[in-house]
Amino acid sequence: MGDTLASQSIIEVDKLSKRFGDKAAVDEVSFEMRRGEVFGFLGPNGAGKTTTIKMLTTLLPPTSGSARVVGRDLRTEGKKIRERIGVVQQQDSFDQGLNVETSMDIYGLIWDVPKRDRRRRIDEVVKRFGMKDFLKMPTIDLSSGQRRRLQVAREFLHDMDLLFLDEPTVGLDPLVRRGILDYFKEKVKEGLSIFFTTHILEEAEYLCDRIAVINQGKIVQVDTPENLKRRFGRAKAVEFKLLEGTSRELFERLSSSDEVSKLIQDEVGGTYRVTTSRPEIVIPEIYKLAEKYGLSVSSIYIAETTLEDAFINLVTVDDVRRPDSS
Amino acid sequence: MNVYVRLVYRNLRANLDKLSLFFELFFPLFFVFVQGSGLGGIIPPLDIGNGRVVPYQLFLAAGAVTLTVINAGTNAGTQLWFDRKNGMFEQILMGPFTRAQYILSIILATLIIGIGGSLLVFLLAFPVLGTGLLITFQGQLLIALALFLGTLFFGGLAIALSVALKSSETFQVVSTFVFFVFLFTSTVFYPAGNAPPVLQAVSYLNPLTYATDIFRAGIFDAFTSLIPLEVGILALEGAAVFTTAVVAFRRIRV
């Protein structure tokens, strides 16, 4: 990695591994995250995302490999790294004996944030995260969504260069979630870098500049969301409806077409969903079959490829999990 | 602000259950005022060394004060369990602290609770204890040593237990049982010299025996030639358990 690139990197990982007994939870992963970007880290359950975060935040020592985080060596400069990062863990974390406001104040205190700054920052996050209604509530009595907001909000009380977010929006309603994602975007504009994991791929697409996909402990691909969709979201969906409702003959003929990977019919709404890599061939075929059986197509459109399509293609490794592979 | 001050303040604010703390203090006072006065009429005064003979209620009151260090010790384990259960353990270790700073902050908070709680019990038990107090400068040192080393031992023991046990519920049950064994095989309730030989032998291994004897010697000016040896044994036991706790803590899997 060149000097210029290295100086722009906030995380540089080289063949980092973590083994638990015989099992490699993370297997020689290498990637680089640039300063000021939101770097998505996606993968199915058990892929190694949280283990990677635990290593990069110095909580778990790696079995092998090396990494630099905020310009510091992971193995020898752990405390220096921790001084410049923030972490929102996947699991709940809260001080059970305090109310929300005191809990935030003490969290800022242990980070050595001066009292006046703590007050100002608490006021800001309370407003931005919509926490006013439960500010005086004991943390033990909070709902999971409220507790999650507290957990995310308090990380913004202290200064940091890099924020690790491990599924930070679990349990949040869509409105709050969008507000929080927008807050992350603002902070990124101010210079913060974010390492982000989520299972909600719309979030990743909305927030991330680049995405690494990890599966079974190995990095499968690193690219921008657009490129991932373009490169790996090849199968498109064509959805159509018939004026007459349903047609068994058309369903059977279309299913047997070489260009159709999968055909599903929604029994209630009557919508047909065709998965194909060649919509330009399938659409005329639909019209041709409809005409043949005396039917009329009332609506038809091509569903856009989503990041989810690309993700599923990337992490699906066997035929059982890949229904379209045939 | 110093990192230990910040972490200790957090431990005291976040992990102390005020109701539990109230009962921890109430518990020793119950011995002083109820058991002590009840049994004081049928148990003759006891010789505690250096020619000092004290009524049973006074004897028990001194023991009850040192009993507070056991309660404080349990608090160390509880603090760690609260943090582990609520995800704050990992959160703090991913903050600008070292593991050593975190564990020391728990010990320091425990010492504050132990020594502070003992002194509070001491003050509340003053109507009983005040009748026989004879505290010299040397006595003050002994009082401080007894409370410090006692809290260190039981704090370390509670941390080691909380690391070893898989759930907070198991920790509560096991630590209550273990601390009851320490309590009833010590000299808190009776002098070891009058106990059966087996119980005497167990009592002489028990750090609470030494903490209690040293504390009694401190407040009643009952210093004997055995006291320095008892201080040495208690210090060794405290250091050994504390080291075990630190080693166990370093192996906690996150």
# chains A, B, ... in the order shown; residues from 1 in each chain; ligands from 1

call {"tool": "select_by_dssp", "arguments": {"residues": "region 4-252 of chain B", "states": "alpha helix (DSSP H)", "output": "VMD selection string"}}
result
chain B and resid 4 to 14 18 to 30 36 to 40 56 to 85 88 to 93 99 to 124 126 to 129 137 to 164 168 to 184 197 to 205 207 to 220 226 to 250

call {"tool": "residues_around", "arguments": {"residues": "region 295-299 of chain A", "least_positions_apart": "4", "cutoff": "9 Å", "atoms": "only C-alpha atoms", "output": "ChimeraX atom specification"}}
result
/A:239-244,247,286-287,289-291

call {"tool": "write_last_selection", "arguments": {"atoms": "C-alpha atoms", "output": "CSV table (one decimal), in the first residue's frame"}}
result
chain,number,residue,atom,x,y,z
A,239,GLU,CA,-43.7,-8.2,-12.8
A,240,PHE,CA,-47.0,-8.3,-14.7
A,241,LYS,CA,-50.7,-8.7,-14.3
A,242,LEU,CA,-53.3,-10.1,-16.6
A,243,LEU,CA,-56.6,-8.4,-17.1
A,244,GLU,CA,-58.3,-11.8,-16.8
A,247,SER,CA,-53.9,-18.4,-16.5
A,286,ILE,CA,-45.1,-12.7,-22.2
A,287,TYR,CA,-47.0,-10.7,-24.7
A,289,LEU,CA,-48.1,-16.1,-24.8
A,290,ALA,CA,-50.9,-13.7,-23.7
A,291,GLU,CA,-52.0,-13.2,-27.2

call {"tool": "closest_residue", "arguments": {"among": "B:Ile103, B:Ala64, B:Ile92, B:Leu111", "to": "chain A", "atoms": "only C-alpha atoms"}}
result
B:Ile92

call {"tool": "atom_distance", "arguments": {"atom1": "CA of Leu307 (chain A)", "atom2": "CA of Thr198 (chain A)"}}
result
12.6 Å

call {"tool": "interface_residues", "arguments": {"of": "chain A", "to": "chain B", "cutoff": "7 Å", "atoms": "only C-alpha atoms", "output": "MDAnalysis selection string"}}
result
chainID A and resid 57:59 79 82:83 91:98 106 109:110 112

call {"tool": "closest_residue", "arguments": {"among": "A:Val38, A:Val13, A:Ala47, A:Leu175", "to": "Lys189 (chain A)", "atoms": "only C-alpha atoms"}}
result
A:Val38

call {"tool": "residues_around", "arguments": {"residues": "Gly71 (chain A)", "least_positions_apart": "6", "cutoff": "10 Å", "atoms": "only C-alpha atoms", "output": "PyMOL selection string"}}
result
chain A and resi 6-12+77+80-81

call {"tool": "write_last_selection", "arguments": {"atoms": "N, CA and C atoms", "output": "compact mmCIF listing (two decimals), in the first residue's frame"}}
result
# COMPACT_ATOMS: atom_id res chain seq x y z
N ALA A 6 -1.92 5.14 2.18
CA ALA A 6 -1.88 4.78 3.61
C ALA A 6 -2.28 5.96 4.48
N SER A 7 -1.83 7.15 4.12
CA SER A 7 -2.13 8.31 4.95
C SER A 7 -3.61 8.69 4.86
N GLN A 8 -4.26 8.23 3.75
CA GLN A 8 -5.68 8.51 3.60
C GLN A 8 -6.54 7.43 4.26
N SER A 9 -5.88 6.36 4.69
CA SER A 9 -6.63 5.24 5.24
C SER A 9 -6.83 5.41 6.74
N ILE A 10 -8.02 5.08 7.18
CA ILE A 10 -8.25 5.11 8.63
C ILE A 10 -8.20 3.71 9.19
N ILE A 11 -8.45 2.72 8.33
CA ILE A 11 -8.24 1.32 8.71
C ILE A 11 -7.49 0.62 7.58
N GLU A 12 -6.46 -0.09 7.95
CA GLU A 12 -5.75 -0.94 6.98
C GLU A 12 -5.62 -2.32 7.60
N GLU A 77 -0.71 -0.63 20.06
CA GLU A 77 -1.18 0.71 20.44
C GLU A 77 -2.69 0.72 20.71
N LYS A 80 -4.22 3.84 22.44
CA LYS A 80 -4.22 5.01 21.55
C LYS A 80 -5.36 4.90 20.54
N ILE A 81 -5.61 3.67 20.08
CA ILE A 81 -6.73 3.46 19.14
C ILE A 81 -8.04 3.77 19.85

call {"tool": "residues_around", "arguments": {"residues": "Val29 (chain A)", "least_positions_apart": "5", "cutoff": "8 Å", "atoms": "only C-alpha atoms", "output": "count of residues only"}}
result
8

call {"tool": "residues_around", "arguments": {"residues": "Val178 (chain B)", "least_positions_apart": "6", "cutoff": "12 Å", "atoms": "only C-alpha atoms", "output": "ChimeraX atom specification"}}
result
/B:70-71,73-74,154,157-158,161,170-172,184-185,206

call {"tool": "residues_around", "arguments": {"residues": "Thr243 (chain B)", "least_positions_apart": "4", "cutoff": "10 Å", "atoms": "only C-alpha atoms", "output": "list in words"}}
result
Gly156, Leu157, Ala160, Glu237, Gly238, Ala239, Val247, Ala248 and Phe249 of chain B

call {"tool": "write_last_selection", "arguments": {"atoms": "N, CA and C atoms", "output": "compact mmCIF listing (two decimals), in the first residue's frame"}}
result
# COMPACT_ATOMS: atom_id res chain seq x y z
N GLY B 156 -11.48 -9.16 46.13
CA GLY B 156 -10.78 -10.03 45.18
C GLY B 156 -11.49 -11.36 45.02
N LEU B 157 -11.94 -11.92 46.14
CA LEU B 157 -12.64 -13.20 46.10
C LEU B 157 -13.93 -13.08 45.28
N ALA B 160 -13.09 -12.89 41.61
CA ALA B 160 -12.71 -14.21 41.08
C ALA B 160 -13.95 -15.09 40.91
N GLU B 237 -2.81 -13.37 52.39
CA GLU B 237 -4.05 -13.93 51.83
C GLU B 237 -4.71 -12.93 50.88
N GLY B 238 -4.71 -11.66 51.29
CA GLY B 238 -5.30 -10.61 50.46
C GLY B 238 -4.57 -10.50 49.13
N ALA B 239 -3.22 -10.52 49.19
CA ALA B 239 -2.43 -10.40 47.96
C ALA B 239 -2.67 -11.59 47.04
N VAL B 247 -5.73 -12.23 37.54
CA VAL B 247 -5.41 -13.22 36.50
C VAL B 247 -6.71 -13.76 35.88
N ALA B 248 -7.67 -14.07 36.76
CA ALA B 248 -8.96 -14.58 36.26
C ALA B 248 -9.65 -13.54 35.38
N PHE B 249 -9.58 -12.30 35.82
CA PHE B 249 -10.24 -11.22 35.09
C PHE B 249 -9.65 -11.05 33.69

call {"tool": "residues_around", "arguments": {"residues": "region 180-188 of chain A", "least_positions_apart": "6", "cutoff": "8 Å", "atoms": "only C-alpha atoms", "output": "list in words"}}
result
Gly36, Glu37, Val38, Arg128, Phe129, Ile194, Glu203 and Leu207 of chain A
